[in-house]
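A.B. asks: If you scroll down you'll find the structure; I have some questions about it.
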Amino acid sequence: MTVVLAGHCWPQDPSKFTGSYVHDRFPDATECALAVAFKGASWTDPDSIPLMVIQTMLGGWDKSSTTGKHASSKMTQTVAIENLADAYMAFNTNYHDTGLFGVYGVTDRDRCEDFAWTIMNEMTRTCYEVSEAELGRAKNQLKSSLMFFQDSTHHVAESIGRELLVYGRRLPKAELFARIDAVDAATIKAVADRFIYDQDMAIASVGDVQFMPDYNFFRRRSYWLRY
């Protein structure tokens, strides 16, 4: 029997991200849920803040929302106007030594391929095209959401605990906002090039997935051929 005392945990190797494709088919379903995830950044990775900005640029939406084609996110506009999904959201989950970054959504079974194409096109686009207007909107929206997150003692306590575990100190909002403001278009492209461009991804879907493209469809669209 081995006893491990608090503060003397066994060292662990860094987590290893592996590309994968998993789907669970239910032929009687009328919808399909899809998640596409790339390897993301850890909490202390310098690129964690730019990834938060990219997440905000990709946005999120559902049919009950009144924004739609008037949203600040180009992806939201496309999904709403073309009726590609019932709902979607970009996610950016940070862990101790790695992370997950991608998009999750629910779409009609007949729109699986169109929705999958849009997800990959909008994510890969950040490697090539980032306008100052959409970048500025995303940074302002991110700062607003971070302030809104402090609306309850529960969220504040969670934030304090997480920052003490990750940084060993409380992170002032002024410092965090300065890091966000320092992100420019070149930074976005460089970070997208690191995490998205020609990278493996993990794909999971459930529902009526008979029209869901295969892994090579997604992998091939993690880069553009430009001459």
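Following the order of the structure tokens, first chain is A, next is B, and so on, with residues numbered from 1 inside each chain and ligands from 1 in the order they appear.
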Hey, what's within 10 Å of A:Gly19 if we count only C-alpha atoms and toss same-chain stuff fewer than 5 positions away? As a list of chain:residue names, please?
C.D. replies: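 What passes the distance filter is A:Ala37, A:Phe38, A:Lys39, A:Gln199, A:Asp200, A:Met201, A:Ala202, A:Ile203, A:Tyr215, A:Arg219.
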A.B. asks: Pick out the residues sitting within 8 Å of stretch 117-122 of chain A, and hand them over as a list in words; count only C-alpha atoms, and ignore anything fewer than 2 positions along from it in its own chain.
C.D. replies: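 Returned residues: Leu58, Met75, Val79, Val103, Glu113, Asp114, Phe115, Thr124, Arg125, Thr126, Phe218, Arg221 and Ser222 of chain A.
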A.B. asks: Give the alpha helix (DSSP H) residues of stretch 21-224 of chain A, as DSSP finds them on the backbone, and put them as a ChimeraX atom specification.
C.D. replies: /A:48-58,74-81,112-125,132-148,153-166,173-181,185-195,215-220
A.B. asks: Nearest to A:Phe91 among A:Val166, A:Ile188, A:Val36, A:Leu142, with distances taken over only C-alpha atoms: which residue is it?
C.D. replies: A:Val36
